[in-house]
Amino acid sequence: MRRCPVCAVDVEGAWTRCPLCAAPLAGEPAPSPLPAVPLRFSRRRVLRALFLASLAVILASLGAQLLFGPDLGGLGVLRSAWLGVAALWLVVLMAVRKRRNLAKGTVYLVVLVGLVTAYWDYLGGWDGWSLTYAVPILCASSIVALLITVRVMRTEIGEHILYSGLTVLLGLAPLVFLALGWVTAALPSVICGALSVVALGMHLARIRHVRHELAKRLHV
Ligand SMILES: [Zn+2]
């Protein structure tokens, strides 16, 4: 069994660091006394939530086209919307397959695709569509995907807090570009920011709910 030299406690299972103080453990690992709990979720619920959210993104993009008019040359709102749908599916599928690194994976995805679209925009003579449309749609889709993940899958308080922080970050990024004057139309960034605020409220409500349930179970 491994032992923490700082806390002077024995630790069962495959821990390499002390769960109490994070100091490296010494000794040989002992088999974990806890059963491995498989990740449980309903594939049908995931697919239904994804399908409805994709539909909402596409409808919103069509609405945006009506709002902004058809004068958007090149890669306009509609094509950015497909980017959003793709990002949505990628984030949720990432959550289903390997949920430990979901926050990191989402940040990588948004930054990478954002950079690619910005480079594409730059090559095409820079009319700002990447930061005006693609990045807010990318961020908004990721915010929705994180909400779906929390709704459909069993998540812990730590993950809720992480996803809440990520939601704020994704909502802020387009607003920062807006504040810097890098975008040509304010509305997509503002919508993304508003969505982030709504999503944060839902995450916080969920955290309160989970904490309440825990408190009930632990009698505190
Ligand atoms: Zn320790």
# chains A, B, ... in the order shown; residues from 1 in each chain; ligands from 1
call {"tool": "closest_atom_pairs", "arguments": {"of": "chain A", "to": "ligand 1", "cutoff": "10 Å", "atoms": "only C-alpha atoms and all ligand atoms", "output": "Markdown table"}}
result
| residue | atom | partner | partner_atom_place_in_ligand_line | distance |
| --- | --- | --- | --- | --- |
| A:Arg3 | CA | ligand 1 | 1 (Zn) | 8.3 |
| A:Cys4 | CA | ligand 1 | 1 (Zn) | 4.8 |
| A:Pro5 | CA | ligand 1 | 1 (Zn) | 6.7 |
| A:Val6 | CA | ligand 1 | 1 (Zn) | 4.9 |
| A:Cys7 | CA | ligand 1 | 1 (Zn) | 4.1 |
| A:Ala8 | CA | ligand 1 | 1 (Zn) | 6.9 |
| A:Val9 | CA | ligand 1 | 1 (Zn) | 7.0 |
| A:Asp10 | CA | ligand 1 | 1 (Zn) | 9.3 |
| A:Val11 | CA | ligand 1 | 1 (Zn) | 9.2 |
| A:Arg17 | CA | ligand 1 | 1 (Zn) | 7.8 |
| A:Cys18 | CA | ligand 1 | 1 (Zn) | 4.6 |
| A:Pro19 | CA | ligand 1 | 1 (Zn) | 6.6 |
| A:Leu20 | CA | ligand 1 | 1 (Zn) | 4.9 |
| A:Cys21 | CA | ligand 1 | 1 (Zn) | 4.1 |
| A:Ala22 | CA | ligand 1 | 1 (Zn) | 6.0 |
| A:Ala23 | CA | ligand 1 | 1 (Zn) | 5.5 |
| A:Pro24 | CA | ligand 1 | 1 (Zn) | 8.0 |
| A:Leu25 | CA | ligand 1 | 1 (Zn) | 7.8 |
call {"tool": "write_last_selection", "arguments": {"atoms": "N, CA and C atoms", "output": "short mmCIF file (atom, residue, chain, number, x, y, z; two decimals), in the first residue's frame"}}
result
data_model
loop_
_atom_site.label_atom_id
_atom_site.label_comp_id
_atom_site.auth_asym_id
_atom_site.auth_seq_id
_atom_site.Cartn_x
_atom_site.Cartn_y
_atom_site.Cartn_z
N ARG A 3 1.99 5.16 0.84
CA ARG A 3 1.87 5.93 2.08
C ARG A 3 2.28 7.38 1.82
N CYS A 4 1.50 8.30 2.39
CA CYS A 4 1.87 9.72 2.28
C CYS A 4 2.81 10.06 3.43
N PRO A 5 4.04 10.50 3.12
CA PRO A 5 4.99 10.81 4.19
C PRO A 5 4.61 12.08 4.97
N VAL A 6 3.80 12.93 4.35
CA VAL A 6 3.42 14.19 5.01
C VAL A 6 2.27 13.97 5.99
N CYS A 7 1.18 13.33 5.47
CA CYS A 7 0.00 13.14 6.31
C CYS A 7 0.10 11.88 7.16
N ALA A 8 1.09 11.02 6.87
CA ALA A 8 1.23 9.74 7.57
C ALA A 8 -0.04 8.91 7.47
N VAL A 9 -0.62 8.82 6.25
CA VAL A 9 -1.77 7.95 6.05
C VAL A 9 -1.45 6.96 4.93
N ASP A 10 -2.07 5.76 5.01
CA ASP A 10 -1.96 4.77 3.94
C ASP A 10 -3.05 5.04 2.92
N VAL A 11 -2.68 4.94 1.64
CA VAL A 11 -3.63 5.23 0.57
C VAL A 11 -3.79 4.00 -0.31
N ARG A 17 -0.27 10.58 -6.16
CA ARG A 17 -0.11 11.68 -5.22
C ARG A 17 -1.16 11.58 -4.12
N CYS A 18 -0.84 12.14 -2.97
CA CYS A 18 -1.74 12.06 -1.83
C CYS A 18 -3.05 12.80 -2.13
N PRO A 19 -4.20 12.15 -1.94
CA PRO A 19 -5.47 12.84 -2.19
C PRO A 19 -5.75 13.96 -1.20
N LEU A 20 -5.01 14.01 -0.11
CA LEU A 20 -5.23 15.05 0.89
C LEU A 20 -4.32 16.26 0.68
N CYS A 21 -3.03 16.00 0.45
CA CYS A 21 -2.09 17.12 0.38
C CYS A 21 -1.33 17.18 -0.94
N ALA A 22 -1.56 16.23 -1.85
CA ALA A 22 -0.97 16.21 -3.19
C ALA A 22 0.53 15.92 -3.18
N ALA A 23 1.08 15.48 -2.03
CA ALA A 23 2.50 15.11 -1.99
C ALA A 23 2.67 13.74 -2.66
N PRO A 24 3.84 13.49 -3.28
CA PRO A 24 4.05 12.18 -3.92
C PRO A 24 4.00 11.07 -2.87
N LEU A 25 3.34 9.96 -3.24
CA LEU A 25 3.20 8.84 -2.31
C LEU A 25 4.40 7.90 -2.46
#
call {"tool": "residues_around", "arguments": {"residues": "A:Arg2", "least_positions_apart": "6", "cutoff": "9 Å", "atoms": "only C-alpha atoms", "output": "list in words"}}
result
Val9, Asp10, Val11, Glu12, Gly13, Ala14, Trp15, Thr16, Leu25, Ala26, Gly27, Glu28, Pro29 and Ala30 of chain A
call {"tool": "write_last_selection", "arguments": {"atoms": "all heavy atoms", "output": "CSV table (one decimal), in the first residue's frame"}}
result
chain,number,residue,atom,x,y,z
A,9,VAL,N,-0.6,8.8,6.3
A,9,VAL,CA,-1.8,7.9,6.0
A,9,VAL,C,-1.5,7.0,4.9
A,9,VAL,O,-0.7,7.2,4.0
A,9,VAL,CB,-3.1,8.7,5.7
A,9,VAL,CG1,-3.6,9.5,6.8
A,9,VAL,CG2,-2.8,9.6,4.4
A,10,ASP,N,-2.1,5.8,5.0
A,10,ASP,CA,-2.0,4.8,3.9
A,10,ASP,C,-3.0,5.0,2.9
A,10,ASP,O,-4.2,5.4,3.3
A,10,ASP,CB,-2.1,3.4,4.5
A,10,ASP,CG,-0.9,3.0,5.4
A,10,ASP,OD1,0.2,3.5,5.1
A,10,ASP,OD2,-1.2,2.4,6.5
A,11,VAL,N,-2.7,4.9,1.6
A,11,VAL,CA,-3.6,5.2,0.6
A,11,VAL,C,-3.8,4.0,-0.3
A,11,VAL,O,-2.8,3.5,-0.9
A,11,VAL,CB,-3.2,6.4,-0.3
A,11,VAL,CG1,-4.2,6.7,-1.4
A,11,VAL,CG2,-3.0,7.7,0.6
A,12,GLU,N,-5.0,3.5,-0.4
A,12,GLU,CA,-5.3,2.4,-1.3
A,12,GLU,C,-5.6,2.9,-2.7
A,12,GLU,O,-6.0,4.0,-2.9
A,12,GLU,CB,-6.5,1.6,-0.8
A,12,GLU,CG,-6.2,0.7,0.4
A,12,GLU,CD,-7.4,-0.2,0.8
A,12,GLU,OE1,-7.6,-1.2,0.2
A,12,GLU,OE2,-8.1,0.3,1.7
A,13,GLY,N,-5.4,2.0,-3.7
A,13,GLY,CA,-5.7,2.4,-5.0
A,13,GLY,C,-4.5,2.9,-5.8
A,13,GLY,O,-3.4,2.8,-5.2
A,14,ALA,N,-4.7,3.3,-7.0
A,14,ALA,CA,-3.6,3.6,-7.9
A,14,ALA,C,-3.2,5.1,-7.8
A,14,ALA,O,-2.7,5.7,-8.8
A,14,ALA,CB,-4.0,3.3,-9.3
A,15,TRP,N,-3.4,5.7,-6.7
A,15,TRP,CA,-3.0,7.2,-6.5
A,15,TRP,C,-1.4,7.3,-6.6
A,15,TRP,O,-0.7,6.4,-6.1
A,15,TRP,CB,-3.4,7.7,-5.2
A,15,TRP,CG,-4.9,7.7,-5.0
A,15,TRP,CD1,-5.7,6.7,-4.6
A,15,TRP,CD2,-5.8,8.8,-5.1
A,15,TRP,NE1,-7.0,7.1,-4.5
A,15,TRP,CE2,-7.1,8.4,-4.8
A,15,TRP,CE3,-5.5,10.2,-5.5
A,15,TRP,CZ2,-8.2,9.3,-4.8
A,15,TRP,CZ3,-6.6,11.0,-5.5
A,15,TRP,CH2,-7.9,10.6,-5.2
A,16,THR,N,-1.0,8.3,-7.3
A,16,THR,CA,0.5,8.6,-7.3
A,16,THR,C,0.8,9.7,-6.4
A,16,THR,O,1.9,9.9,-5.9
A,16,THR,CB,1.0,8.9,-8.7
A,16,THR,OG1,0.2,9.9,-9.2
A,16,THR,CG2,0.9,7.7,-9.6
A,25,LEU,N,3.3,10.0,-3.2
A,25,LEU,CA,3.2,8.8,-2.3
A,25,LEU,C,4.4,7.9,-2.5
A,25,LEU,O,5.0,7.8,-3.5
A,25,LEU,CB,1.9,8.1,-2.6
A,25,LEU,CG,0.6,8.8,-2.4
A,25,LEU,CD1,-0.6,8.0,-2.8
A,25,LEU,CD2,0.4,9.2,-0.9
A,26,ALA,N,4.7,7.2,-1.4
A,26,ALA,CA,5.8,6.2,-1.4
A,26,ALA,C,5.3,4.8,-1.3
A,26,ALA,O,4.2,4.6,-0.7
A,26,ALA,CB,6.8,6.5,-0.2
A,27,GLY,N,6.0,3.9,-1.8
A,27,GLY,CA,5.6,2.5,-1.7
A,27,GLY,C,4.9,1.9,-2.9
A,27,GLY,O,4.8,2.6,-3.9
A,28,GLU,N,4.5,0.6,-2.7
A,28,GLU,CA,3.8,-0.1,-3.8
A,28,GLU,C,2.3,0.2,-3.8
A,28,GLU,O,1.7,0.3,-2.8
A,28,GLU,CB,4.1,-1.6,-3.7
A,28,GLU,CG,5.5,-2.0,-4.0
A,28,GLU,CD,6.0,-1.6,-5.4
A,28,GLU,OE1,5.3,-2.0,-6.3
A,28,GLU,OE2,7.0,-0.9,-5.5
A,29,PRO,N,1.7,0.3,-5.0
A,29,PRO,CA,0.3,0.6,-5.1
A,29,PRO,C,-0.5,-0.7,-4.7
A,29,PRO,O,-0.1,-1.8,-5.0
A,29,PRO,CB,0.0,0.9,-6.5
A,29,PRO,CG,1.1,0.3,-7.3
A,29,PRO,CD,2.3,0.4,-6.4
A,30,ALA,N,-1.6,-0.5,-3.9
A,30,ALA,CA,-2.5,-1.6,-3.6
A,30,ALA,C,-3.8,-1.5,-4.4
A,30,ALA,O,-4.1,-0.4,-4.9
A,30,ALA,CB,-2.9,-1.5,-2.1
call {"tool": "atom_distance", "arguments": {"atom1": "atom CA of A:Ser61", "atom2": "atom CA of A:Ser80"}}
result
8.4 Å
call {"tool": "residues_around", "arguments": {"residues": "A:Leu146", "least_positions_apart": "3", "cutoff": "10 Å", "atoms": "only C-alpha atoms", "output": "NGL selection string"}}
result
:A and (88 or 91-92 or 95 or 102-103 or 106 or 140-143 or 149-152 or 160 or 163-164 or 166-167 or 199 or 203)
call {"tool": "write_last_selection", "arguments": {"atoms": "all heavy atoms", "output": "short mmCIF file (atom, residue, chain, number, x, y, z; two decimals), in the first residue's frame"}}
result
data_model
loop_
_atom_site.label_atom_id
_atom_site.label_comp_id
_atom_site.auth_asym_id
_atom_site.auth_seq_id
_atom_site.Cartn_x
_atom_site.Cartn_y
_atom_site.Cartn_z
N LEU A 88 -20.24 21.88 -31.96
CA LEU A 88 -21.18 21.34 -30.99
C LEU A 88 -21.04 19.82 -30.88
O LEU A 88 -20.89 19.27 -29.80
CB LEU A 88 -22.59 21.71 -31.47
CG LEU A 88 -23.76 21.51 -30.56
CD1 LEU A 88 -23.77 22.58 -29.50
CD2 LEU A 88 -25.05 21.59 -31.37
N VAL A 91 -17.57 18.74 -29.40
CA VAL A 91 -17.41 18.91 -27.94
C VAL A 91 -18.20 17.83 -27.21
O VAL A 91 -17.69 17.20 -26.28
CB VAL A 91 -17.86 20.32 -27.50
CG1 VAL A 91 -17.93 20.40 -25.98
CG2 VAL A 91 -16.91 21.37 -28.03
N VAL A 92 -19.45 17.58 -27.65
CA VAL A 92 -20.26 16.58 -26.94
C VAL A 92 -19.68 15.18 -27.15
O VAL A 92 -19.62 14.38 -26.22
CB VAL A 92 -21.74 16.66 -27.37
CG1 VAL A 92 -22.55 15.55 -26.71
CG2 VAL A 92 -22.32 18.01 -27.01
N ALA A 95 -16.92 14.74 -24.92
CA ALA A 95 -17.40 14.49 -23.56
C ALA A 95 -17.80 13.03 -23.40
O ALA A 95 -17.52 12.41 -22.37
CB ALA A 95 -18.59 15.40 -23.26
N LEU A 102 -12.31 17.33 -21.00
CA LEU A 102 -13.27 18.04 -21.85
C LEU A 102 -12.99 19.54 -21.90
O LEU A 102 -13.02 20.15 -22.97
CB LEU A 102 -14.70 17.79 -21.37
CG LEU A 102 -15.76 18.50 -22.19
CD1 LEU A 102 -15.75 17.98 -23.62
CD2 LEU A 102 -17.13 18.34 -21.58
N ALA A 103 -12.71 20.15 -20.74
CA ALA A 103 -12.50 21.60 -20.71
C ALA A 103 -11.30 21.98 -21.56
O ALA A 103 -11.37 22.89 -22.39
CB ALA A 103 -12.30 22.05 -19.26
N THR A 106 -12.04 21.48 -25.26
CA THR A 106 -12.91 22.54 -25.80
C THR A 106 -12.10 23.80 -26.08
O THR A 106 -12.27 24.42 -27.14
CB THR A 106 -14.04 22.84 -24.80
OG1 THR A 106 -14.72 21.63 -24.49
CG2 THR A 106 -15.03 23.83 -25.39
N ALA A 140 -20.37 30.21 -28.86
CA ALA A 140 -21.76 29.97 -28.46
C ALA A 140 -22.07 28.47 -28.54
O ALA A 140 -22.71 27.91 -27.65
CB ALA A 140 -22.71 30.78 -29.33
N SER A 141 -21.60 27.81 -29.60
CA SER A 141 -21.86 26.38 -29.76
C SER A 141 -21.21 25.59 -28.63
O SER A 141 -21.78 24.63 -28.11
CB SER A 141 -21.33 25.87 -31.09
OG SER A 141 -21.83 26.65 -32.13
N SER A 142 -19.99 25.99 -28.27
CA SER A 142 -19.30 25.29 -27.19
C SER A 142 -20.03 25.47 -25.86
O SER A 142 -20.12 24.55 -25.06
CB SER A 142 -17.86 25.80 -27.06
OG SER A 142 -17.19 25.66 -28.28
N ILE A 143 -20.57 26.69 -25.64
CA ILE A 143 -21.33 26.96 -24.42
C ILE A 143 -22.54 26.03 -24.37
O ILE A 143 -22.84 25.40 -23.34
CB ILE A 143 -21.78 28.44 -24.38
CG1 ILE A 143 -20.56 29.35 -24.14
CG2 ILE A 143 -22.83 28.67 -23.30
CD1 ILE A 143 -20.84 30.82 -24.28
N THR A 149 -23.76 18.58 -22.07
CA THR A 149 -22.96 17.63 -21.32
C THR A 149 -23.41 17.53 -19.87
O THR A 149 -23.58 16.45 -19.32
CB THR A 149 -21.48 18.05 -21.37
OG1 THR A 149 -21.11 18.23 -22.73
CG2 THR A 149 -20.59 17.02 -20.74
N VAL A 150 -23.60 18.71 -19.26
CA VAL A 150 -24.00 18.76 -17.86
C VAL A 150 -25.40 18.17 -17.68
O VAL A 150 -25.68 17.48 -16.71
CB VAL A 150 -23.94 20.21 -17.35
CG1 VAL A 150 -24.66 20.35 -16.03
CG2 VAL A 150 -22.49 20.64 -17.21
N ARG A 151 -26.29 18.46 -18.63
CA ARG A 151 -27.68 17.99 -18.55
C ARG A 151 -27.75 16.47 -18.70
O ARG A 151 -28.50 15.80 -18.01
CB ARG A 151 -28.51 18.62 -19.66
CG ARG A 151 -28.88 20.03 -19.39
CD ARG A 151 -30.32 20.14 -18.91
NE ARG A 151 -30.39 21.24 -17.97
CZ ARG A 151 -31.04 21.19 -16.82
NH1 ARG A 151 -31.67 20.12 -16.47
NH2 ARG A 151 -31.06 22.23 -16.03
N VAL A 152 -27.02 15.95 -19.69
CA VAL A 152 -27.20 14.56 -20.11
C VAL A 152 -26.36 13.60 -19.28
O VAL A 152 -26.76 12.48 -19.02
CB VAL A 152 -26.90 14.42 -21.62
CG1 VAL A 152 -26.90 12.96 -22.03
CG2 VAL A 152 -27.92 15.19 -22.43
N HIS A 160 -18.72 20.97 -12.69
CA HIS A 160 -19.67 22.06 -12.89
C HIS A 160 -18.96 23.40 -12.78
O HIS A 160 -19.19 24.30 -13.59
CB HIS A 160 -20.76 22.02 -11.82
CG HIS A 160 -21.83 21.02 -12.11
ND1 HIS A 160 -22.64 21.12 -13.21
CD2 HIS A 160 -22.21 19.92 -11.46
CE1 HIS A 160 -23.48 20.11 -13.20
NE2 HIS A 160 -23.25 19.35 -12.15
N TYR A 163 -16.78 23.95 -15.84
CA TYR A 163 -17.55 24.30 -17.03
C TYR A 163 -18.13 25.70 -16.91
O TYR A 163 -18.29 26.40 -17.91
CB TYR A 163 -18.67 23.28 -17.27
CG TYR A 163 -18.18 21.89 -17.57
CD1 TYR A 163 -19.01 20.79 -17.49
CD2 TYR A 163 -16.86 21.67 -17.94
CE1 TYR A 163 -18.57 19.51 -17.77
CE2 TYR A 163 -16.40 20.39 -18.20
CZ TYR A 163 -17.25 19.31 -18.11
OH TYR A 163 -16.80 18.06 -18.36
N SER A 164 -18.47 26.11 -15.67
CA SER A 164 -18.97 27.48 -15.47
C SER A 164 -17.89 28.49 -15.85
O SER A 164 -18.16 29.47 -16.55
CB SER A 164 -19.38 27.70 -14.02
OG SER A 164 -20.33 26.74 -13.63
N LEU A 166 -15.40 28.01 -17.84
CA LEU A 166 -15.19 27.92 -19.28
C LEU A 166 -16.28 28.69 -20.03
O LEU A 166 -16.02 29.37 -21.03
CB LEU A 166 -15.20 26.45 -19.69
CG LEU A 166 -14.65 26.10 -21.06
CD1 LEU A 166 -13.24 26.59 -21.20
CD2 LEU A 166 -14.72 24.59 -21.27
N THR A 167 -17.52 28.61 -19.52
CA THR A 167 -18.65 29.32 -20.12
C THR A 167 -18.41 30.82 -20.09
O THR A 167 -18.64 31.52 -21.08
CB THR A 167 -19.95 28.97 -19.36
OG1 THR A 167 -20.19 27.57 -19.51
CG2 THR A 167 -21.12 29.75 -19.90
N ALA A 199 -26.25 30.73 -19.65
CA ALA A 199 -25.68 29.41 -19.40
C ALA A 199 -25.04 29.37 -18.02
O ALA A 199 -25.17 28.38 -17.28
CB ALA A 199 -24.66 29.06 -20.47
N HIS A 203 -25.70 26.78 -14.99
CA HIS A 203 -24.65 26.01 -14.31
C HIS A 203 -24.70 26.24 -12.80
O HIS A 203 -24.59 25.30 -12.02
CB HIS A 203 -23.26 26.42 -14.83
CG HIS A 203 -22.91 25.82 -16.14
ND1 HIS A 203 -22.80 24.45 -16.32
CD2 HIS A 203 -22.64 26.36 -17.34
CE1 HIS A 203 -22.47 24.21 -17.58
NE2 HIS A 203 -22.38 25.35 -18.21
#
call {"tool": "select_by_dssp", "arguments": {"residues": "stretch 38-205 of chain A", "states": "helix (DSSP H, G or I)", "output": "NGL selection string"}}
result
:A and (43-68 or 77-97 or 99-123 or 129-152 or 157-179 or 187-205)
call {"tool": "residues_around", "arguments": {"residues": "A:Ile58", "least_positions_apart": "4", "cutoff": "7 Å", "atoms": "only C-alpha atoms", "output": "PDB file with all heavy atoms, in the first residue's frame"}}
result
ATOM      1  N   SER A  54     -28.470  21.378 -32.733  1.00  0.00           N
ATOM      2  CA  SER A  54     -27.999  21.662 -34.090  1.00  0.00           C
ATOM      3  C   SER A  54     -29.078  22.399 -34.865  1.00  0.00           C
ATOM      4  O   SER A  54     -28.807  23.389 -35.566  1.00  0.00           O
ATOM      5  CB  SER A  54     -27.663  20.365 -34.824  1.00  0.00           C
ATOM      6  OG  SER A  54     -26.741  19.613 -34.089  1.00  0.00           O
ATOM      7  N   LEU A  62     -30.182  31.171 -39.800  1.00  0.00           N
ATOM      8  CA  LEU A  62     -31.091  31.641 -40.845  1.00  0.00           C
ATOM      9  C   LEU A  62     -31.743  32.958 -40.408  1.00  0.00           C
ATOM     10  O   LEU A  62     -31.889  33.886 -41.198  1.00  0.00           O
ATOM     11  CB  LEU A  62     -32.157  30.575 -41.142  1.00  0.00           C
ATOM     12  CG  LEU A  62     -31.608  29.289 -41.778  1.00  0.00           C
ATOM     13  CD1 LEU A  62     -32.727  28.266 -41.953  1.00  0.00           C
ATOM     14  CD2 LEU A  62     -30.952  29.583 -43.109  1.00  0.00           C
ATOM     15  N   ALA A  81     -22.308  28.972 -39.414  1.00  0.00           N
ATOM     16  CA  ALA A  81     -23.240  28.191 -38.607  1.00  0.00           C
ATOM     17  C   ALA A  81     -22.907  26.705 -38.688  1.00  0.00           C
ATOM     18  O   ALA A  81     -22.995  25.998 -37.690  1.00  0.00           O
ATOM     19  CB  ALA A  81     -24.665  28.432 -39.064  1.00  0.00           C
TER      20      ALA A  81
END
call {"tool": "atom_distance", "arguments": {"atom1": "atom CA of A:Trp120", "atom2": "atom CA of A:Tyr133"}}
result
13.2 Å
call {"tool": "atom_distance", "arguments": {"atom1": "atom CA of A:Leu131", "atom2": "atom CA of A:Val144"}}
result
19.0 Å
call {"tool": "closest_residue", "arguments": {"among": "A:Val107, A:Ala173, A:Ile157, A:Leu93", "to": "A:Arg43", "atoms": "only C-alpha atoms"}}
result
A:Leu93
call {"tool": "closest_residue", "arguments": {"among": "A:Val176, A:Arg154, A:Ala185, A:Ile161", "to": "A:Arg208", "atoms": "only C-alpha atoms"}}
result
A:Ile161
call {"tool": "closest_residue", "arguments": {"among": "A:Val168, A:Val113, A:Met1, A:Met202", "to": "A:Ser32", "atoms": "only C-alpha atoms"}}
result
A:Met1
call {"tool": "closest_residue", "arguments": {"among": "A:Val116, A:Met153, A:Gly125, A:Gly84", "to": "A:Leu138", "atoms": "only C-alpha atoms"}}
result
A:Gly84
call {"tool": "select_by_dssp", "arguments": {"residues": "chain A", "states": "strand (DSSP E)", "output": "count of residues only"}}
result
6
call {"tool": "closest_residue", "arguments": {"among": "A:Arg97, A:Pro31, A:Ile148, A:Leu169", "to": "A:Arg45", "atoms": "only C-alpha atoms"}}
result
A:Ile148
